[in-house]
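data.csv follows (CSV, C-alpha atoms):
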```csv
chain,number,residue,atom,x,y,z
A,1,MET,CA,-4.4,31.9,-18.3
A,2,GLU,CA,-8.1,31.4,-17.5
A,3,PHE,CA,-9.0,29.3,-14.5
A,4,LYS,CA,-10.7,26.5,-16.5
A,5,GLU,CA,-7.8,26.3,-18.9
A,6,VAL,CA,-5.3,25.9,-16.0
A,7,ILE,CA,-7.4,23.0,-14.8
A,8,GLY,CA,-7.4,21.6,-18.3
A,9,ARG,CA,-3.7,21.9,-18.9
A,10,ARG,CA,-2.6,20.4,-15.6
A,11,ARG,CA,-1.3,16.9,-16.1
A,12,SER,CA,1.7,15.2,-14.5
A,13,ILE,CA,4.8,16.2,-16.4
A,14,ARG,CA,7.6,13.7,-16.1
A,15,PHE,CA,10.1,14.9,-18.7
A,16,PHE,CA,11.6,18.2,-17.5
A,17,ASP,CA,14.2,20.3,-19.1
A,18,PRO,CA,17.0,19.6,-16.6
A,19,ASP,CA,19.1,22.6,-17.6
A,20,ARG,CA,16.4,25.3,-17.5
A,21,PRO,CA,16.1,26.9,-14.1
A,22,VAL,CA,12.9,28.0,-12.5
A,23,GLU,CA,12.6,31.6,-11.6
A,24,ARG,CA,12.5,32.3,-7.8
A,25,GLU,CA,9.5,34.6,-8.3
A,26,LYS,CA,7.5,31.7,-9.8
A,27,ILE,CA,8.4,29.4,-6.8
A,28,GLN,CA,7.2,32.1,-4.4
A,29,THR,CA,3.9,32.6,-6.4
A,30,ILE,CA,3.3,28.8,-6.1
A,31,LEU,CA,3.8,28.9,-2.3
A,32,GLU,CA,1.6,32.0,-2.0
A,33,THR,CA,-1.3,30.1,-3.6
A,34,ALA,CA,-0.9,27.3,-1.1
A,35,ARG,CA,-1.0,29.8,1.8
A,36,LEU,CA,-4.4,31.1,0.5
A,37,ALA,CA,-6.1,27.7,0.3
A,38,SER,CA,-9.2,26.9,2.1
A,39,CYS,CA,-8.4,25.6,5.6
A,40,ALA,CA,-10.4,23.9,8.3
A,41,VAL,CA,-10.4,25.9,11.6
A,42,ASN,CA,-7.8,28.1,10.0
A,43,ALA,CA,-5.2,25.7,11.2
A,44,HIS,CA,-2.8,25.7,8.2
A,45,TRP,CA,-1.3,22.3,8.4
A,46,LEU,CA,0.7,22.5,5.2
A,47,ARG,CA,4.4,23.2,5.4
A,48,ALA,CA,6.9,23.2,2.5
A,49,VAL,CA,10.7,23.0,2.1
A,50,VAL,CA,11.9,24.1,-1.3
A,51,VAL,CA,15.0,22.2,-2.6
A,52,GLU,CA,17.0,23.4,-5.6
A,53,ARG,CA,18.4,20.2,-7.2
A,54,ASP,CA,21.7,21.8,-8.0
A,55,LYS,CA,22.2,23.4,-4.6
A,56,ILE,CA,21.6,20.4,-2.4
A,57,PRO,CA,24.6,18.2,-1.7
A,58,PRO,CA,24.6,15.2,-4.1
A,59,GLU,CA,24.6,12.7,-1.3
A,60,LYS,CA,21.5,14.3,0.2
A,61,LEU,CA,19.8,14.3,-3.3
A,62,SER,CA,20.7,10.6,-3.6
A,63,GLN,CA,19.1,9.9,-0.2
A,64,LEU,CA,15.9,11.6,-1.3
A,65,LYS,CA,15.5,9.4,-4.4
A,66,THR,CA,12.9,6.7,-4.3
A,67,PRO,CA,12.9,3.8,-6.8
A,68,VAL,CA,10.1,5.4,-8.8
A,69,ALA,CA,11.3,9.0,-8.6
A,70,ALA,CA,15.1,8.7,-9.2
A,71,LEU,CA,14.9,10.0,-12.7
A,72,THR,CA,12.3,12.8,-12.2
A,73,LEU,CA,14.4,14.1,-9.2
A,74,ASP,CA,17.3,14.4,-11.5
A,75,LEU,CA,15.3,16.0,-14.3
A,76,ALA,CA,13.3,18.6,-12.2
A,77,PRO,CA,15.4,21.5,-11.1
A,78,VAL,CA,13.2,22.3,-8.2
A,79,HIS,CA,11.6,20.0,-5.6
A,80,ILE,CA,9.0,21.3,-3.2
A,81,TYR,CA,8.6,18.9,-0.2
A,82,PHE,CA,5.2,19.2,1.4
A,83,PHE,CA,4.7,18.3,5.0
A,84,VAL,CA,1.8,18.2,7.4
A,85,ASP,CA,2.5,19.9,10.7
A,86,LEU,CA,0.5,17.8,13.1
A,87,GLY,CA,1.5,20.0,16.0
A,88,THR,CA,0.0,23.2,14.8
A,89,VAL,CA,-3.4,22.8,16.4
A,90,VAL,CA,-2.1,22.2,19.9
A,91,ARG,CA,0.5,24.9,19.6
A,92,GLU,CA,-2.0,27.5,18.4
A,93,LYS,CA,-4.8,26.4,20.9
A,94,GLY,CA,-7.6,27.9,18.7
A,95,SER,CA,-5.9,31.3,18.3
A,96,ARG,CA,-6.1,31.1,14.5
A,97,LEU,CA,-9.8,30.3,14.7
A,98,LYS,CA,-10.3,33.3,16.8
A,99,GLU,CA,-8.6,35.4,14.2
A,100,LEU,CA,-11.5,34.4,11.9
A,101,VAL,CA,-13.9,35.8,14.5
A,102,ASP,CA,-11.9,39.0,14.8
A,103,VAL,CA,-12.0,39.7,11.1
A,104,GLY,CA,-15.6,38.9,10.7
A,105,ALA,CA,-15.2,35.7,8.7
A,106,LEU,CA,-17.0,33.8,11.6
A,107,ALA,CA,-19.7,35.9,13.2
A,108,PRO,CA,-22.2,35.6,16.1
A,109,SER,CA,-24.8,35.3,13.3
A,110,HIS,CA,-23.5,31.8,12.8
A,111,GLY,CA,-22.9,31.1,16.5
A,112,TRP,CA,-19.3,32.0,16.8
A,113,SER,CA,-17.5,34.0,19.6
A,114,HIS,CA,-14.1,33.9,21.3
A,115,LYS,CA,-15.7,32.3,24.3
A,116,PHE,CA,-17.2,29.6,22.2
A,117,VAL,CA,-13.7,28.8,20.8
A,118,ASP,CA,-12.0,29.1,24.2
A,119,ASP,CA,-14.5,27.1,26.2
A,120,PHE,CA,-15.8,24.6,23.8
A,121,VAL,CA,-14.2,24.3,20.3
A,122,TYR,CA,-10.6,24.1,21.4
A,123,PRO,CA,-10.8,22.1,24.7
A,124,GLN,CA,-13.7,19.8,23.7
A,125,ILE,CA,-13.2,19.3,20.0
A,126,LEU,CA,-9.9,20.4,18.5
A,127,GLU,CA,-7.5,19.2,21.3
A,128,PRO,CA,-9.2,15.8,21.8
A,129,MET,CA,-9.3,15.4,18.0
A,130,THR,CA,-5.5,15.7,17.9
A,131,ARG,CA,-5.3,12.6,20.2
A,132,ASN,CA,-7.5,10.6,17.9
A,133,LEU,CA,-4.9,9.9,15.3
A,134,GLU,CA,-7.2,7.8,13.2
A,135,GLY,CA,-9.4,10.7,12.5
A,136,TYR,CA,-7.0,13.6,12.9
A,137,VAL,CA,-4.2,12.5,10.6
A,138,PRO,CA,-6.5,11.9,7.5
A,139,ALA,CA,-8.3,15.2,8.2
A,140,ALA,CA,-5.0,17.2,8.4
A,141,PHE,CA,-3.7,15.5,5.3
A,142,ALA,CA,-6.9,16.2,3.3
A,143,ASP,CA,-6.6,19.8,4.2
A,144,ALA,CA,-3.0,20.1,3.4
A,145,GLY,CA,-3.7,18.2,0.1
A,146,GLY,CA,-6.1,20.9,-0.9
A,147,ALA,CA,-3.4,23.5,-0.3
A,148,ALA,CA,-0.9,21.5,-2.3
A,149,GLN,CA,-3.4,21.3,-5.1
A,150,ASN,CA,-3.5,25.1,-5.2
A,151,ALA,CA,0.3,25.1,-5.6
A,152,LEU,CA,0.1,22.5,-8.3
A,153,LEU,CA,-2.3,24.5,-10.4
A,154,ALA,CA,-0.3,27.6,-9.8
A,155,ALA,CA,2.7,25.9,-11.3
A,156,PHE,CA,0.8,25.3,-14.6
A,157,ASP,CA,-0.6,28.8,-14.5
A,158,GLU,CA,3.1,30.0,-14.4
A,159,GLY,CA,3.9,28.0,-17.5
A,160,LEU,CA,5.8,25.3,-15.7
A,161,GLY,CA,5.3,21.6,-15.5
A,162,ALA,CA,4.9,19.7,-12.3
A,163,CYS,CA,4.3,16.2,-10.9
A,164,LEU,CA,3.5,15.0,-7.4
A,165,ASN,CA,5.4,12.1,-5.9
A,166,THR,CA,5.4,10.4,-2.6
A,167,PRO,CA,8.8,10.6,-1.0
A,168,ASN,CA,10.3,8.3,1.7
A,169,PRO,CA,8.8,9.8,4.8
A,170,MET,CA,11.6,8.9,7.2
A,171,LEU,CA,14.5,9.9,4.9
A,172,THR,CA,12.8,13.1,3.9
A,173,ARG,CA,12.4,14.2,7.5
A,174,GLN,CA,16.0,13.2,8.3
A,175,VAL,CA,17.6,14.8,5.2
A,176,LEU,CA,15.7,18.0,5.4
A,177,GLY,CA,15.8,18.3,9.2
A,178,VAL,CA,12.2,19.1,9.8
A,179,PRO,CA,10.6,19.1,13.3
A,180,GLU,CA,9.4,15.8,14.7
A,181,ASP,CA,5.7,16.6,14.4
A,182,TRP,CA,5.9,17.3,10.6
A,183,VAL,CA,4.8,14.3,8.5
A,184,SER,CA,5.9,14.0,5.0
A,185,MET,CA,3.1,14.2,2.4
A,186,TRP,CA,4.3,14.8,-1.2
A,187,VAL,CA,7.1,16.2,-3.2
A,188,MET,CA,6.1,18.4,-6.1
A,189,LEU,CA,8.7,18.2,-8.8
A,190,LEU,CA,8.9,21.4,-10.8
A,191,GLY,CA,10.5,22.7,-13.9
A,192,TYR,CA,9.9,23.6,-17.5
A,193,PRO,CA,8.6,20.7,-19.5
A,194,ALA,CA,11.0,19.0,-22.0
A,195,GLU,CA,8.0,17.5,-23.5
A,196,SER,CA,5.2,19.5,-25.2
A,197,TRP,CA,2.7,21.1,-22.7
A,198,GLU,CA,0.1,18.6,-24.0
A,199,ALA,CA,2.3,15.8,-22.8
A,200,GLY,CA,0.4,13.3,-24.9
A,201,GLY,CA,-3.1,14.6,-24.0
A,202,GLN,CA,-5.5,14.7,-21.1
A,203,ARG,CA,-5.2,11.6,-19.0
A,204,PRO,CA,-7.9,8.9,-19.0
A,205,ARG,CA,-10.5,9.4,-16.2
A,206,PRO,CA,-13.4,7.2,-15.0
A,207,ASP,CA,-16.8,8.1,-16.5
A,208,PHE,CA,-18.4,11.2,-14.8
A,209,GLU,CA,-21.5,9.3,-13.8
A,210,GLU,CA,-19.5,6.5,-12.3
A,211,LEU,CA,-18.0,9.0,-9.8
A,212,TYR,CA,-20.8,11.4,-8.9
A,213,PHE,CA,-24.3,11.0,-7.6
A,214,GLU,CA,-27.3,13.0,-7.0
A,215,GLY,CA,-29.5,12.9,-3.9
A,216,GLU,CA,-28.3,9.4,-2.9
A,217,TYR,CA,-25.7,6.8,-3.8
A,218,GLY,CA,-26.6,4.9,-7.0
A,219,LYS,CA,-28.3,7.7,-8.8
A,220,PRO,CA,-25.7,9.2,-11.1
A,221,PHE,CA,-25.4,12.9,-11.4
A,222,LYS,CA,-26.6,13.3,-15.0
A,223,ARG,CA,-23.9,14.8,-17.3
A,224,ASP,CA,-25.2,17.5,-19.6
A,225,GLU,CA,-23.4,17.4,-22.9
A,226,ALA,CA,-24.0,21.1,-23.4
A,227,VAL,CA,-21.9,21.8,-20.4
A,228,VAL,CA,-19.3,19.5,-21.7
A,229,GLU,CA,-19.1,21.4,-24.9
A,230,LYS,CA,-18.9,24.7,-23.1
A,231,LEU,CA,-16.0,23.3,-21.0
A,232,LYS,CA,-14.3,22.1,-24.2
A,233,ALA,CA,-14.6,25.6,-25.6
A,234,ALA,CA,-13.0,26.9,-22.5
A,235,ASN,CA,-10.1,24.4,-22.9
A,236,MET,CA,-10.9,22.7,-19.6
A,237,ILE,CA,-11.9,19.4,-21.3
A,238,GLN,CA,-9.2,18.8,-23.8
A,239,ALA,CA,-8.2,16.1,-26.3
A,240,PRO,CA,-7.7,12.8,-24.5
A,241,ALA,CA,-4.4,10.9,-24.5
A,242,PRO,CA,-2.8,9.5,-26.5
A,243,LEU,CA,-2.5,12.4,-28.9
A,244,PRO,CA,-1.0,11.5,-32.3
A,245,GLY,CA,2.7,11.5,-32.3
A,246,ARG,CA,3.1,10.8,-28.5
A,247,ARG,CA,5.1,7.7,-29.2
A,248,ASP,CA,7.5,9.6,-31.4
A,249,GLU,CA,7.7,12.3,-28.7
A,250,ILE,CA,8.7,9.8,-26.0
A,251,LYS,CA,11.2,8.2,-28.4
A,252,LYS,CA,12.8,11.5,-29.1
A,253,LEU,CA,13.0,12.4,-25.4
A,254,THR,CA,14.3,9.0,-24.5
A,255,GLU,CA,17.1,9.4,-27.0
A,256,GLU,CA,17.9,13.0,-26.1
A,257,LEU,CA,18.0,12.3,-22.4
A,258,GLY,CA,19.7,8.9,-22.7
A,259,LEU,CA,16.9,6.9,-21.0
A,260,PRO,CA,15.9,3.2,-21.3
A,261,GLU,CA,13.7,2.4,-24.2
B,1,MET,CA,27.0,-17.5,-18.5
B,2,ALA,CA,27.2,-20.7,-20.3
B,3,PRO,CA,24.2,-20.4,-22.5
B,4,GLU,CA,22.1,-23.5,-22.8
B,5,LYS,CA,20.4,-22.1,-25.8
B,6,PRO,CA,20.5,-19.1,-28.1
B,7,ILE,CA,19.7,-15.9,-26.1
B,8,ALA,CA,16.7,-15.1,-28.3
B,9,ASP,CA,15.1,-18.4,-27.2
B,10,TYR,CA,14.8,-17.4,-23.5
B,11,GLU,CA,11.3,-16.5,-22.5
B,12,THR,CA,12.3,-13.2,-20.9
B,13,VAL,CA,14.2,-12.1,-24.0
B,14,GLN,CA,11.0,-12.8,-26.0
B,15,THR,CA,9.0,-10.8,-23.5
B,16,TRP,CA,11.5,-8.0,-23.9
B,17,ARG,CA,11.3,-8.1,-27.6
B,18,SER,CA,7.5,-8.1,-27.6
B,19,GLY,CA,7.5,-5.3,-25.0
B,20,LEU,CA,9.7,-3.1,-27.2
B,21,ARG,CA,7.4,-3.9,-30.2
B,22,GLU,CA,4.3,-2.9,-28.2
B,23,GLN,CA,6.0,0.3,-26.9
B,24,TRP,CA,7.4,1.5,-30.2
B,25,GLY,CA,4.9,0.0,-32.6
B,26,GLU,CA,7.6,-1.7,-34.7
B,27,ASP,CA,10.1,-4.6,-34.4
B,28,LEU,CA,13.4,-3.3,-33.3
B,29,ASP,CA,16.7,-4.7,-34.3
B,30,MET,CA,17.6,-7.0,-31.4
B,31,ALA,CA,21.1,-7.9,-32.5
B,32,LEU,CA,23.0,-5.2,-30.6
B,33,ARG,CA,20.5,-5.3,-27.7
B,34,SER,CA,20.8,-9.1,-27.4
B,35,SER,CA,24.6,-8.9,-27.6
B,36,ALA,CA,24.6,-6.4,-24.7
B,37,LEU,CA,22.4,-8.6,-22.7
B,38,GLU,CA,24.5,-11.6,-23.4
B,39,ARG,CA,27.6,-9.7,-22.1
B,40,PHE,CA,25.7,-8.7,-19.0
B,41,CYS,CA,24.6,-12.3,-18.4
B,42,ASP,CA,28.3,-13.2,-18.6
B,43,PHE,CA,29.1,-10.4,-16.1
B,44,ALA,CA,26.4,-11.5,-13.7
B,45,GLY,CA,27.0,-15.2,-14.3
B,46,LYS,CA,23.3,-15.8,-14.9
B,47,ASP,CA,21.0,-16.5,-17.9
B,48,PRO,CA,18.3,-14.0,-18.7
B,49,ASP,CA,15.4,-16.0,-17.2
B,50,ALA,CA,17.4,-16.5,-14.0
B,51,LEU,CA,18.0,-12.8,-13.7
B,52,ILE,CA,14.3,-12.0,-13.8
B,53,ALA,CA,13.4,-15.0,-11.7
B,54,GLU,CA,15.8,-13.8,-9.0
B,55,CYS,CA,14.0,-10.4,-8.9
B,56,THR,CA,10.6,-11.9,-8.3
B,57,ARG,CA,8.9,-14.3,-6.0
B,58,GLU,CA,5.5,-15.9,-5.9
B,59,VAL,CA,3.2,-15.1,-3.0
B,60,GLU,CA,-0.4,-16.1,-2.3
B,61,SER,CA,-1.7,-12.8,-3.9
B,62,GLY,CA,0.6,-13.2,-7.0
B,63,LYS,CA,4.0,-12.1,-8.0
B,64,ARG,CA,6.1,-9.7,-5.9
B,65,ILE,CA,9.4,-7.9,-6.7
B,66,ARG,CA,12.3,-8.8,-4.5
B,67,ILE,CA,13.5,-5.3,-3.5
B,68,LYS,CA,17.0,-6.5,-2.5
B,69,ALA,CA,17.6,-8.4,-5.7
B,70,ARG,CA,16.4,-5.5,-7.8
B,71,ARG,CA,18.7,-3.2,-5.9
B,72,GLU,CA,21.6,-5.6,-6.4
B,73,TYR,CA,21.0,-5.9,-10.1
B,74,SER,CA,20.6,-2.1,-10.4
B,75,GLU,CA,24.0,-1.8,-8.8
B,76,LYS,CA,25.4,-4.5,-11.0
B,77,ILE,CA,24.2,-2.8,-14.1
B,78,ALA,CA,26.0,0.4,-13.0
B,79,GLU,CA,29.2,-1.7,-12.4
B,80,PHE,CA,28.8,-3.3,-15.8
B,81,GLN,CA,28.4,-0.1,-17.7
B,82,ALA,CA,31.3,1.5,-15.8
B,83,ALA,CA,33.5,-1.5,-16.6
B,84,SER,CA,32.7,-1.3,-20.3
B,85,GLY,CA,35.6,1.1,-20.9
B,86,SER,CA,33.7,3.3,-23.4
B,87,THR,CA,32.6,6.9,-23.4
B,88,LEU,CA,30.1,8.0,-20.7
B,89,LEU,CA,27.4,8.3,-23.3
B,90,ALA,CA,28.0,4.8,-24.6
B,91,GLN,CA,28.2,3.5,-21.0
B,92,ARG,CA,24.8,4.9,-20.2
B,93,LYS,CA,23.4,3.5,-23.4
B,94,LEU,CA,24.7,0.1,-22.6
B,95,GLY,CA,23.3,0.2,-19.0
B,96,ASN,CA,20.0,1.5,-20.3
B,97,THR,CA,19.8,-1.4,-22.7
B,98,ILE,CA,20.0,-3.8,-19.8
B,99,ARG,CA,17.5,-1.8,-17.8
B,100,SER,CA,15.1,-2.0,-20.7
B,101,PHE,CA,15.3,-5.8,-20.5
B,102,PHE,CA,14.4,-5.7,-16.8
B,103,ILE,CA,11.7,-3.0,-17.3
B,104,HIS,CA,9.9,-4.9,-20.1
B,105,ASN,CA,10.0,-8.0,-17.8
B,106,GLY,CA,8.1,-6.1,-15.1
B,107,ILE,CA,11.0,-5.1,-12.9
B,108,PHE,CA,10.8,-1.4,-12.3
B,109,MET,CA,14.1,0.3,-12.7
B,110,GLN,CA,15.3,3.9,-13.0
B,111,ALA,CA,18.9,5.1,-13.4
B,112,GLY,CA,18.5,8.8,-13.1
B,113,LEU,CA,20.5,11.1,-15.4
B,114,SER,CA,23.8,10.3,-13.9
B,115,GLY,CA,23.2,6.6,-14.3
```
Write out the structure in this file as structure tokens.
Amino acid sequence: MEFKEVIGRRRSIRFFDPDRPVEREKIQTILETARLASCAVNAHWLRAVVVERDKIPPEKLSQLKTPVAALTLDLAPVHIYFFVDLGTVVREKGSRLKELVDVGALAPSHGWSHKFVDDFVYPQILEPMTRNLEGYVPAAFADAGGAAQNALLAAFDEGLGACLNTPNPMLTRQVLGVPEDWVSMWVMLLGYPAESWEAGGQRPRPDFEELYFEGEYGKPFKRDEAVVEKLKAANMIQAPAPLPGRRDEIKKLTEELGLPE
Amino acid sequence: MAPEKPIADYETVQTWRSGLREQWGEDLDMALRSSALERFCDFAGKDPDALIAECTREVESGKRIRIKARREYSEKIAEFQAASGSTLLAQRKLGNTIRSFFIHNGIFMQAGLSG
């Protein structure tokens, strides 16, 4: 699938075919995309634990359910729990940043050297940053969120459906036995959609010019309709929800899966 | 429950009915649904409005869901459907009818597939 179409087809899938397993190869592909995401100081905060719904003991699955995700956890055959490893910067002490110097991604042309990392970047910026939790935690989460977004898009590129949920952080850590310095971020529920891939159409979004500005705040970035048409042709901007027949589709799924009406 | 009035006259039952109409675009037959709710009310010893009132509370910023009450009713629905003595499918359908009543009255509820 072309990149723009992957962006266009991504939408939160909440009706999964509970009986259709996800191929291990696809799960690996999804994780590989997260690993290749852009990453500040090459720190790689994102961690993941893959849980197969039918392999985890039922009592543990039950513990992982939140009030808003009890059903989707039952429906999705695979759950990928994303964590942010807050300890990685202090453990690595700038070594991953120096790898970027070694491979020529960061060069003296831009002011970078091993000595700069050892003498300044790690001791004076990175290490103190980890003690300023108000700044460090959001930065690490933002970075990990970008990596998880790669994984999410990869799921759709693989022909799967997916949805991000926020799990209970304490229970998730306890049930999955992750290290103390891993903080729970999201669970990506994964499976083949039981609903059509359109899932009722592209979700409503705020107006473009309400979100983006040019030069300064208050001056909207003007949206060119010719570009919009081009993106429609590339299947990135698609028919908005609700598509005709969505109500019937929900009704059918509700009946088939035995859910509240 | 000793109903003080016909079940259809309770405000929360009317909210349920209009919620179903809004969701599905048509008036649904409420006879079986109301009868199931009536049985649940007997089981819980509360009328429909009292069930919903117990799950919410007013605070300065508006209405809040009482998590404990919602959990208790969620468990009570599970007990109710299990005690109905019918097939598993019918039990789920019965439980989901009651959940639908809570959901359309703004009380978030999910049963999961095993519910």
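Residues with any atom within 12 Å of Lys115 in chain A, counting all atoms listed in the file and excluding same-chain neighbours fewer than 5 positions away, are Gly94, Ser95, Leu97, Lys98, Val101, Pro108, Phe120, Val121, Tyr122 and Pro123 of chain A.
We find CA of Leu71 in chain A and CA of Thr33 in chain A to be spaced 27.4 Å apart.
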Check your understanding: Got a sec to pull out which chain A residues are within 7 Å of chain B, counting only C-alpha atoms, and send them as a VMD selection string?
Key -> chain A and resid 67 to 68 70 to 71 74 247 258 to 261
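Among the candidates A:Gly218, A:Pro240, A:Pro18, A:Pro138, the residue lying nearest to Leu189 in chain A is A:Pro18 (atoms considered: all atoms listed in the file).
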Exercise for review: Fewer than 2 positions away in the same chain doesn't count, so skip those; otherwise give me all residues within 12 Å of Ala50 in chain B, counting only C-alpha atoms, as a PyMOL selection string.
Suggested key: chain B and resi 1+3+10-13+41+44-48+52-57+69+73+102+105
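Pairwise distance (CA of Glu99 in chain A, CA of Asn42 in chain A) equals 8.5 Å.
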Revision key, fill the gap. From CA of Thr72 in chain A to CA of Arg24 in chain A the spacing works out at 20.0 Å
Check your understanding: Between B:Glu22, B:Glu72, B:Asp9, B:Glu79, which has the minimum distance to Ser34 in chain B (counting only C-alpha atoms)?
Key -> B:Asp9
**Study point:** Non-local contacts of His44 in chain A (8 Å; only C-alpha atoms; under 5 positions in same chain excluded) as a PyMOL selection string
**Key:** chain A and resi 35+39+88+144
Point to revise | Neighbour list for Val187 in chain A as a list in words, cut-off 8 Å, all atoms listed in the file, skip fewer than 2 positions in-chain | key: His79, Ile80, Tyr81, Phe82, Leu164, Asn165, Thr166, Pro167, Met185 and Leu189 of chain A
Check your understanding: Given the choices A:Val50, A:Leu86, A:Leu231, A:Met170, which gets closest to Asp143 in chain A if the distance is worked out from all atoms listed in the file?
Key ->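 For Asp143 in chain A, the nearest of the given residues is A:Leu86.
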Review point. So which residues fall inside 12 Å of (14.3, 15.0, 6.9) if we count all atoms listed in the file? Mind giving them as a list in words?
Key: Ala48, Val49, Val51, Lys60, Leu61, Gln63, Leu64, Tyr81, Phe82, Phe83, Pro167, Asn168, Pro169, Met170, Leu171, Thr172, Arg173, Gln174, Val175, Leu176, Gly177, Val178, Pro179, Glu180, Asp181, Trp182, Val183 and Ser184 of chain A
